[in-house]
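**Q** entry-v5.txt (compact mmCIF, C-alpha atoms) pasted underneath:
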```txt
# COMPACT_ATOMS: atom_id res chain seq x y z
CA MET A 25 -52.56 -0.79 86.03
CA SER A 26 -52.53 -0.75 82.18
CA PRO A 27 -55.95 -0.93 80.43
CA PRO A 28 -56.87 -4.33 78.88
CA GLY A 29 -55.29 -4.80 75.49
CA HIS A 30 -52.53 -2.27 76.09
CA PRO A 31 -48.94 -3.43 76.79
CA ARG A 32 -47.39 -2.41 80.08
CA PRO A 33 -44.58 0.21 79.65
CA ALA A 34 -41.18 -1.40 79.87
CA ARG A 35 -38.98 -0.63 82.84
CA LEU A 36 -35.49 0.66 82.08
CA SER A 37 -32.64 -0.93 83.97
CA PRO A 38 -29.88 1.35 85.36
CA ALA A 39 -27.59 0.21 82.52
CA ASP A 40 -30.29 1.11 79.97
CA VAL A 41 -30.76 4.52 81.57
CA LEU A 42 -27.03 5.26 81.33
CA ARG A 43 -26.83 3.99 77.76
CA VAL A 44 -29.79 6.08 76.62
CA GLY A 45 -28.56 9.13 78.53
CA ALA A 46 -25.13 8.89 76.91
CA VAL A 47 -26.53 8.85 73.36
CA GLY A 48 -26.85 12.63 73.18
CA LEU A 49 -23.37 13.15 74.64
CA ARG A 50 -21.68 10.86 72.13
CA ALA A 51 -23.40 12.58 69.22
CA ARG A 52 -22.36 16.11 70.27
CA ARG A 53 -18.86 15.73 71.70
CA ALA A 54 -17.60 19.27 71.02
CA ARG A 55 -20.64 20.76 72.74
CA VAL A 56 -20.21 18.36 75.66
CA VAL A 57 -16.62 19.48 76.17
CA LEU A 58 -17.50 23.18 76.05
CA SER A 59 -20.53 22.75 78.32
CA SER A 60 -18.68 20.72 80.93
CA LEU A 61 -15.75 23.16 80.88
CA GLY A 62 -17.58 25.65 83.11
CA ILE A 63 -18.33 22.91 85.64
CA ALA A 64 -14.73 21.71 85.48
CA LEU A 65 -13.34 25.20 86.10
CA GLY A 66 -15.65 25.74 89.07
CA ILE A 67 -14.77 22.41 90.71
CA ALA A 68 -11.06 22.82 89.91
CA THR A 69 -11.07 26.25 91.54
CA MET A 70 -12.79 24.98 94.68
CA VAL A 71 -10.57 21.89 95.05
CA ALA A 72 -7.38 23.85 94.38
CA VAL A 73 -8.32 26.64 96.78
CA VAL A 74 -9.12 24.21 99.58
CA GLY A 75 -6.05 22.10 98.82
CA LEU A 76 -3.60 24.99 98.63
CA SER A 77 -5.06 26.65 101.72
CA THR A 78 -4.87 23.40 103.68
CA SER A 79 -1.32 22.73 102.46
CA SER A 80 -0.24 26.27 103.35
CA ARG A 81 -1.75 26.08 106.84
CA ALA A 82 -0.24 22.64 107.42
CA ASP A 83 3.16 24.02 106.47
CA LEU A 84 2.62 27.03 108.72
CA MET A 85 1.58 24.86 111.66
CA SER A 86 4.60 22.64 111.06
CA ARG A 87 6.84 25.71 111.14
CA LEU A 88 5.18 26.88 114.36
CA ASP A 89 5.73 23.47 115.93
CA ARG A 90 9.37 23.56 114.86
CA LEU A 91 10.02 27.14 115.94
CA GLY A 92 7.92 26.91 119.09
CA THR A 93 5.17 29.19 120.36
CA ASN A 94 6.82 29.84 123.73
CA LEU A 95 9.08 32.73 122.66
CA LEU A 96 8.31 36.13 124.21
CA THR A 97 9.99 39.46 123.48
CA ALA A 98 10.25 42.49 125.76
CA GLU A 99 11.20 45.65 123.88
CA ALA A 100 12.11 49.04 125.28
CA GLY A 101 9.78 51.87 124.28
CA LYS A 102 9.48 55.53 125.20
CA ASP A 103 8.55 57.30 128.39
CA PRO A 104 5.59 59.74 128.61
CA LEU A 105 7.89 62.57 127.45
CA GLY A 106 8.86 60.69 124.31
CA ASN A 107 12.39 59.85 125.41
CA GLU A 108 13.93 56.48 124.55
CA VAL A 109 13.92 54.14 127.55
CA LYS A 110 16.95 51.99 128.26
CA LEU A 111 16.58 48.56 129.76
CA PRO A 112 18.96 47.68 132.61
CA LYS A 113 22.22 46.04 131.61
CA ASN A 114 21.34 43.06 133.79
CA ALA A 115 17.85 42.64 132.24
CA VAL A 116 18.70 39.20 130.85
CA ALA A 117 20.03 38.00 134.19
CA MET A 118 16.84 39.19 135.93
CA VAL A 119 14.66 37.34 133.41
CA GLU A 120 16.69 34.16 133.86
CA ARG A 121 15.82 34.21 137.58
CA VAL A 122 12.09 33.81 136.79
CA GLY A 123 11.25 30.18 137.62
CA PRO A 124 9.66 28.87 134.39
CA VAL A 125 12.15 30.67 132.10
CA ARG A 126 14.39 28.21 130.29
CA GLN A 127 16.45 30.62 128.22
CA ALA A 128 16.94 34.39 127.83
CA THR A 129 19.03 36.49 125.49
CA ALA A 130 19.05 39.99 124.06
CA THR A 131 19.91 42.34 121.19
CA ALA A 132 20.61 46.06 121.28
CA ASN A 133 20.60 48.91 118.80
CA VAL A 134 24.06 50.27 117.95
CA ASP A 135 24.65 53.70 116.44
CA ALA A 136 26.79 52.70 113.46
CA ARG A 137 25.71 53.33 109.87
CA ILE A 138 26.29 50.52 107.40
CA ARG A 139 27.82 51.08 103.94
CA ARG A 140 29.33 48.78 101.37
CA SER A 141 32.62 50.66 101.39
CA ALA A 142 34.22 54.00 102.31
CA ALA A 143 33.53 55.16 98.75
CA VAL A 144 29.79 55.22 99.49
CA PRO A 145 28.64 58.51 101.14
CA GLU A 146 27.12 58.12 104.59
CA GLU A 147 23.85 59.63 103.41
CA ARG A 148 23.54 56.72 100.99
CA ALA A 149 23.49 53.99 103.60
CA ALA A 150 22.14 50.62 102.49
CA GLY A 151 19.08 50.55 104.73
CA VAL A 152 20.79 48.11 107.09
CA THR A 153 20.98 48.77 110.82
CA THR A 154 23.57 47.61 113.35
CA GLN A 155 22.65 45.59 116.42
CA ALA A 156 24.65 43.94 119.16
CA ALA A 157 23.80 40.32 119.88
CA ARG A 158 24.62 37.77 122.55
CA THR A 159 26.23 34.49 121.52
CA ASP A 160 23.14 32.47 122.52
CA LEU A 161 20.76 34.39 120.24
CA LEU A 162 20.47 31.77 117.49
CA GLN A 163 19.63 28.98 119.90
CA ALA A 164 16.91 31.05 121.54
CA LEU A 165 15.33 32.05 118.21
CA GLY A 166 15.55 28.61 116.65
CA THR A 167 17.47 29.79 113.60
CA ARG A 168 20.92 29.13 112.11
CA VAL A 169 23.75 30.53 110.04
CA GLU A 170 23.24 29.74 106.37
CA ARG A 171 26.82 30.50 105.33
CA GLY A 172 29.90 31.04 107.42
CA ALA A 173 30.05 31.14 111.21
CA TRP A 174 28.28 32.71 114.19
CA LEU A 175 29.60 35.01 116.92
CA ASP A 176 31.25 32.69 119.40
CA ARG A 177 33.18 33.74 122.53
CA GLY A 178 36.15 34.74 120.45
CA ARG A 179 34.44 36.51 117.55
CA GLU A 180 32.10 38.54 119.77
CA ARG A 181 35.10 40.65 120.80
CA LEU A 182 36.41 41.27 117.28
CA PRO A 183 35.36 43.78 114.57
CA VAL A 184 33.39 41.14 112.66
CA THR A 185 29.72 40.90 111.77
CA VAL A 186 27.02 38.40 110.82
CA LEU A 187 24.48 39.71 108.30
CA GLY A 188 20.79 38.93 107.98
CA ARG A 189 19.82 37.52 104.61
CA ILE A 190 18.17 40.72 103.31
CA ALA A 191 21.01 42.84 104.70
CA ALA A 192 23.53 40.75 102.78
CA ARG A 193 21.53 41.14 99.58
CA ARG A 194 21.26 44.91 99.99
CA LEU A 195 24.99 45.21 100.57
CA GLY A 196 25.89 42.88 97.73
CA VAL A 197 27.66 40.46 100.05
CA THR A 198 27.50 36.92 98.73
CA ALA A 199 29.98 35.04 100.91
CA PRO A 200 31.83 35.33 104.24
CA GLY A 201 35.19 37.05 104.15
CA GLU A 202 34.06 40.26 102.49
CA LYS A 203 34.39 43.62 104.25
CA ILE A 204 31.80 46.35 104.82
CA MET A 205 31.87 49.76 106.52
CA MET A 206 30.28 49.93 109.96
CA GLY A 207 30.43 53.52 111.13
CA ASP A 208 33.95 54.65 110.16
CA ARG A 209 35.51 51.19 110.49
CA TYR A 210 35.81 48.22 108.16
CA VAL A 211 34.48 44.98 109.62
CA VAL A 212 34.70 41.46 108.19
CA VAL A 213 31.55 39.51 107.40
CA VAL A 214 31.97 36.10 109.02
CA GLY A 215 28.48 34.74 108.40
CA ILE A 216 25.08 35.19 106.74
CA LEU A 217 21.94 34.12 108.60
CA ALA A 218 19.17 31.93 107.30
CA PRO A 219 15.77 33.70 107.41
CA VAL A 220 14.72 34.39 111.01
CA GLU A 221 11.06 33.42 110.79
CA LEU A 222 10.01 34.42 114.30
CA VAL A 223 11.84 37.78 114.25
CA PRO A 224 12.03 38.83 110.57
CA THR A 225 13.44 42.26 111.48
CA LEU A 226 16.78 40.51 112.08
CA ASP A 227 16.93 39.71 108.36
CA ARG A 228 17.76 43.40 107.78
CA VAL A 229 20.51 43.94 110.35
CA ALA A 230 24.25 43.53 110.80
CA LEU A 231 25.01 41.81 114.10
CA VAL A 232 28.14 42.29 116.21
CA GLY A 233 29.04 40.98 119.65
CA PHE A 234 28.23 43.04 122.75
CA PRO A 235 31.92 43.41 123.72
CA ALA A 236 32.88 44.48 120.17
CA ALA A 237 30.01 47.01 120.04
CA GLU A 238 31.22 48.57 123.30
CA ARG A 239 34.88 48.61 122.26
CA TYR A 240 34.61 49.83 118.66
CA PHE A 241 31.29 51.66 118.31
CA GLY A 242 30.61 53.45 121.61
CA PHE A 243 27.78 51.12 122.66
CA ASP A 244 26.66 51.65 126.26
CA GLY A 245 25.74 48.01 127.01
CA HIS A 246 21.98 48.50 127.52
CA PRO A 247 19.89 45.88 125.67
CA THR A 248 17.00 47.02 123.49
CA THR A 249 15.08 43.76 123.14
CA VAL A 250 15.05 40.77 125.48
CA PHE A 251 14.00 37.34 124.18
CA GLU A 252 12.97 34.52 126.49
CA ARG A 253 11.64 31.00 126.22
CA SER A 254 9.74 29.25 128.96
CA ALA A 255 7.70 26.09 129.42
CA ASP A 256 4.64 26.13 127.13
CA ALA A 257 2.23 25.92 130.04
CA ALA A 258 3.86 28.92 131.74
CA VAL A 259 3.94 31.35 128.78
CA ASP A 260 0.95 33.40 129.95
CA ASP A 261 2.26 33.59 133.51
CA VAL A 262 5.70 34.73 132.35
CA ARG A 263 4.13 37.23 129.97
CA ALA A 264 2.27 38.81 132.88
CA VAL A 265 5.51 39.52 134.82
CA LEU A 266 8.02 40.01 132.01
CA ALA A 267 7.68 43.79 131.64
CA ARG A 268 8.25 44.59 135.30
CA THR A 269 11.05 42.03 135.45
CA VAL A 270 13.15 43.58 132.67
CA ASN A 271 12.47 47.17 133.75
CA PRO A 272 11.22 47.41 137.34
CA GLY A 273 9.26 50.57 138.08
CA GLN A 274 8.90 51.45 134.39
CA GLU A 275 7.05 48.42 133.11
CA GLY A 276 4.63 50.70 131.24
CA THR A 277 7.41 51.58 128.81
CA VAL A 278 8.07 47.95 127.88
CA THR A 279 6.21 46.21 125.05
CA VAL A 280 5.81 42.47 125.47
CA SER A 281 4.84 40.40 122.44
CA ARG A 282 4.70 36.82 121.25
CA PRO A 283 6.23 36.50 117.76
CA SER A 284 4.36 33.29 116.95
CA ASP A 285 1.08 35.24 117.19
CA ALA A 286 1.93 36.87 113.85
CA LEU A 287 2.21 33.48 112.17
CA ALA A 288 -1.02 32.31 113.78
CA ALA A 289 -2.72 35.49 112.55
CA LYS A 290 -1.48 34.69 109.06
CA ALA A 291 -3.20 31.31 109.26
CA ALA A 292 -6.45 33.04 110.25
CA THR A 293 -6.06 35.44 107.33
CA ASP A 294 -5.58 32.49 105.00
CA LYS A 295 -8.90 31.08 106.18
CA GLY A 296 -10.68 34.32 105.25
CA LEU A 297 -9.05 34.34 101.84
CA THR A 298 -10.02 30.71 101.34
CA ALA A 299 -13.67 31.55 102.02
CA LEU A 300 -13.52 34.33 99.43
CA MET A 301 -11.95 32.09 96.80
CA LEU A 302 -14.49 29.35 97.52
CA GLY A 303 -17.19 31.91 96.84
CA LEU A 304 -15.61 32.68 93.48
CA GLY A 305 -15.43 28.96 92.73
CA ALA A 306 -19.12 28.61 93.59
CA VAL A 307 -19.95 31.43 91.18
CA ALA A 308 -17.97 29.68 88.44
CA LEU A 309 -19.84 26.47 89.24
CA LEU A 310 -23.19 28.28 89.04
CA VAL A 311 -22.26 29.79 85.68
CA GLY A 312 -21.28 26.31 84.50
CA GLY A 313 -24.64 24.98 85.66
CA VAL A 314 -26.46 27.66 83.67
CA GLY A 315 -24.39 26.67 80.64
CA VAL A 316 -25.38 23.03 81.08
CA ALA A 317 -29.05 23.96 81.39
CA ASN A 318 -28.81 26.06 78.23
CA THR A 319 -27.13 23.18 76.39
CA MET A 320 -29.86 20.78 77.47
CA VAL A 321 -32.65 23.12 76.37
CA ILE A 322 -31.04 23.48 72.94
CA SER A 323 -30.60 19.70 72.83
CA VAL A 324 -34.32 19.20 73.44
CA ILE A 325 -35.20 21.59 70.62
CA GLU A 326 -32.78 19.94 68.19
CA ARG A 327 -33.89 16.41 69.05
CA ARG A 328 -37.64 16.75 68.74
CA ALA A 329 -37.76 14.11 66.03
CA GLU A 330 -35.86 11.67 68.22
CA ILE A 331 -38.19 12.39 71.13
CA GLY A 332 -41.27 11.98 68.92
CA LEU A 333 -39.99 8.70 67.51
CA ARG A 334 -39.25 7.30 70.95
CA ARG A 335 -42.69 8.33 72.17
CA ALA A 336 -44.30 6.78 69.08
CA ILE A 337 -42.67 3.38 69.70
CA GLY A 338 -43.70 3.25 73.34
CA ALA A 339 -41.45 5.45 75.50
CA THR A 340 -43.39 7.11 78.28
CA ARG A 341 -43.03 10.67 79.49
CA GLY A 342 -41.15 9.25 82.47
CA HIS A 343 -38.66 7.55 80.14
CA ILE A 344 -38.04 10.79 78.23
CA ARG A 345 -37.72 12.77 81.46
CA LEU A 346 -35.28 10.23 82.89
CA GLN A 347 -33.24 10.22 79.66
CA PHE A 348 -32.61 13.96 79.65
CA LEU A 349 -32.09 14.16 83.39
CA THR A 350 -29.49 11.38 83.13
CA GLU A 351 -27.84 13.19 80.24
CA SER A 352 -27.58 16.36 82.34
CA LEU A 353 -26.12 14.41 85.26
CA LEU A 354 -23.55 12.71 83.03
CA LEU A 355 -22.58 16.06 81.52
CA THR A 356 -21.99 17.71 84.89
CA ALA A 357 -20.34 14.59 86.33
CA LEU A 358 -17.88 14.63 83.43
CA GLY A 359 -17.01 18.24 84.26
CA GLY A 360 -16.84 17.46 87.96
CA VAL A 361 -14.40 14.57 87.58
CA ALA A 362 -12.23 16.58 85.19
CA GLY A 363 -12.32 19.58 87.57
CA ALA A 364 -11.40 17.44 90.59
CA GLY A 365 -8.44 16.05 88.68
CA ILE A 366 -7.28 19.49 87.50
CA GLY A 367 -7.66 20.96 90.99
CA THR A 368 -5.69 18.09 92.56
CA LEU A 369 -2.88 18.39 90.02
CA ALA A 370 -2.75 22.17 90.54
CA THR A 371 -2.55 21.69 94.31
CA TYR A 372 0.29 19.18 94.06
CA GLY A 373 2.22 21.20 91.48
CA PHE A 374 2.04 24.52 93.33
CA SER A 375 2.61 22.98 96.77
CA LEU A 376 5.73 21.12 95.65
CA ALA A 377 7.02 24.29 93.98
CA GLN A 378 6.62 26.12 97.31
CA GLY A 379 8.24 23.33 99.29
CA TRP A 380 4.98 22.40 101.06
CA THR A 381 3.61 18.93 101.66
CA PRO A 382 0.57 18.70 99.34
CA VAL A 383 -2.71 18.11 101.16
CA VAL A 384 -6.03 17.62 99.34
CA PRO A 385 -8.78 16.95 101.91
CA PRO A 386 -11.01 14.05 100.77
CA TRP A 387 -14.06 16.05 101.77
CA SER A 388 -13.21 18.70 99.17
CA LEU A 389 -13.26 16.09 96.38
CA ALA A 390 -16.44 14.46 97.70
CA GLY A 391 -18.08 17.85 98.21
CA GLY A 392 -17.11 19.00 94.71
CA LEU A 393 -18.52 15.88 93.07
CA ALA A 394 -21.69 16.10 95.16
CA ALA A 395 -22.07 19.73 94.08
CA THR A 396 -21.84 18.69 90.43
CA LEU A 397 -24.62 16.16 90.88
CA VAL A 398 -26.84 18.77 92.50
CA ILE A 399 -26.07 21.18 89.67
CA GLY A 400 -26.79 18.40 87.17
CA VAL A 401 -30.21 17.72 88.66
CA LEU A 402 -31.14 21.40 88.82
CA ALA A 403 -29.83 22.09 85.32
CA GLY A 404 -31.68 19.09 83.86
CA LEU A 405 -35.07 19.45 85.52
CA TYR A 406 -36.57 22.02 83.16
CA PRO A 407 -35.17 20.57 79.90
CA ALA A 408 -36.29 17.06 80.97
CA ALA A 409 -39.78 18.28 81.82
CA ARG A 410 -39.97 20.20 78.52
CA ALA A 411 -38.92 17.13 76.55
CA ALA A 412 -41.45 14.94 78.38
CA ARG A 413 -44.30 17.34 77.54
CA LEU A 414 -43.73 17.07 73.78
CA ARG A 415 -46.51 15.14 72.03
CA PRO A 416 -45.32 12.48 69.56
CA ALA A 417 -47.23 13.85 66.57
CA VAL A 418 -46.09 17.44 67.20
CA ALA A 419 -42.51 16.39 67.80
CA LEU A 420 -42.34 14.33 64.61
CA SER A 421 -43.91 17.08 62.49
CA THR A 422 -41.55 19.81 63.79
CA GLY A 423 -38.41 17.70 64.17
```
Transcribe the structure of this file into structure tokens.

**A**
Amino acid sequence: MSPPGHPRPARLSPADVLRVGAVGLRARRARVVLSSLGIALGIATMVAVVGLSTSSRADLMSRLDRLGTNLLTAEAGKDPLGNEVKLPKNAVAMVERVGPVRQATATANVDARIRRSAAVPEERAAGVTTQAARTDLLQALGTRVERGAWLDRGRERLPVTVLGRIAARRLGVTAPGEKIMMGDRYVVVVGILAPVELVPTLDRVALVGFPAAERYFGFDGHPTTVFERSADAAVDDVRAVLARTVNPGQEGTVTVSRPSDALAAKAATDKGLTALMLGLGAVALLVGGVGVANTMVISVIERRAEIGLRRAIGATRGHIRLQFLTESLLLTALGGVAGAGIGTLATYGFSLAQGWTPVVPPWSLAGGLAATLVIGVLAGLYPAARAARLRPAVALSTG
């Protein structure tokens, strides 16, 4: 209770607190912009990292849903002596007899070097391999021909080929109808594949039909890799029997894998990278907070006369403390809002450029703004306390 004869200190309304706290910001606009820039960069980094990571993972999960996670591959390896193992010619038929299997197909390595033309020496092959493929390969892998046509029942018997996208680029083939050398024979390119996301190795190969490979290139008919799709609930059960199904008695030489695991692993890797980038954003935010604290300390020193005058006309230490704490909060909030906006725009711009659906989790914006308020309080505590401790007479004489 105030002593008799002394007026009771006035209470500041929230509007008064904001108005008084904004005085210092309006008077030093250039310094406000520079001080809040560190906060803005920290928040923008954190929002953009979370947004881009979330958008990337959402796109990856969408691709997994589209491609399916029920594809298994069984690939021939080597025996204990290091010799190449050949899968039985009827490996696909044996896999198709497994109850839950919905679809099975295969590819096989073919010994035929690929060159752009006969003028290119064999030792300067284009880094493209030849494989035989069944006509149902595209359906099983969930991919398509980007240009031209696929190997149907007629084309699989002819000296024609379908190139993976990277293979076409390496050979300089831009459209169907061009010819390339396969072994010592010219073959016609009838199609170019879209990227094969589940089996990216097929992007680097030239595919021919099984009958054509046997007729023109000395292929023995033994598949190298078997692909199968089954019901989602039965994938693990099929995986357990797939090796001994495709190569009975030599299942130890067969490698069974699930191509979608690689995409899922990529999502997990993205999470680790996101954590690292969030750490960097937090460091930037901390540096911004130190900058705000430094700005507020300098502001207290420069405004001693103002502080002394306010104290002389009745402002209490609590009023002065609240003024500078509010000023610090407004300064960091300004940076936080700007940073959230910059981070959101960066997320949308980059995501749309990559063909992703932009996703900015609301919690990242709320968390970023909450972090700025915490930084504002911590950065303003010492300067506010220092300003409140100034005595009116001392402040006016040194202001």

**Q** May I ask which of the residues A:Pro385, A:Arg168, A:Pro272, A:Leu96 is the closest one to Arg126 in chain A, counting all atoms listed in the file?

**A**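 Comparing A:Pro385, A:Arg168, A:Pro272, A:Leu96 against Arg126 in chain A, the winner is A:Leu96.
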
**Q** Quick one: residues within 7 Å of range 181-190 of chain A, all atoms listed in the file counted, chain neighbours fewer than 3 positions away excluded, as an MDAnalysis selection string?

**A** chainID A and resid 174 178 193:194 211:219 226:233 235:236

**Q** Using all atoms listed in the file, find the one residue out of A:Ala395, A:Val262, A:Ala115, A:Ala257 that sits nearest to Glu99 in chain A.

**A**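 For Glu99 in chain A, the nearest of the given residues is A:Ala115.
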
**Q** Counting only C-alpha atoms, which of A:His343, A:Gly75, A:Gly62, A:Val57 gets nearest to Val383 in chain A?

**A** A:Gly75

**Q** CA of Ala306 in chain A and CA of Leu65 in chain A, how far apart in Å?

**A**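 We find that CA of Leu65 in chain A and CA of Ala306 in chain A lie 10.1 Å from each other.
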
**Q** Any idea what the distance is between CA of Val116 in chain A and CA of Asp260 in chain A?

**A**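 It comes out at 18.7 Å.
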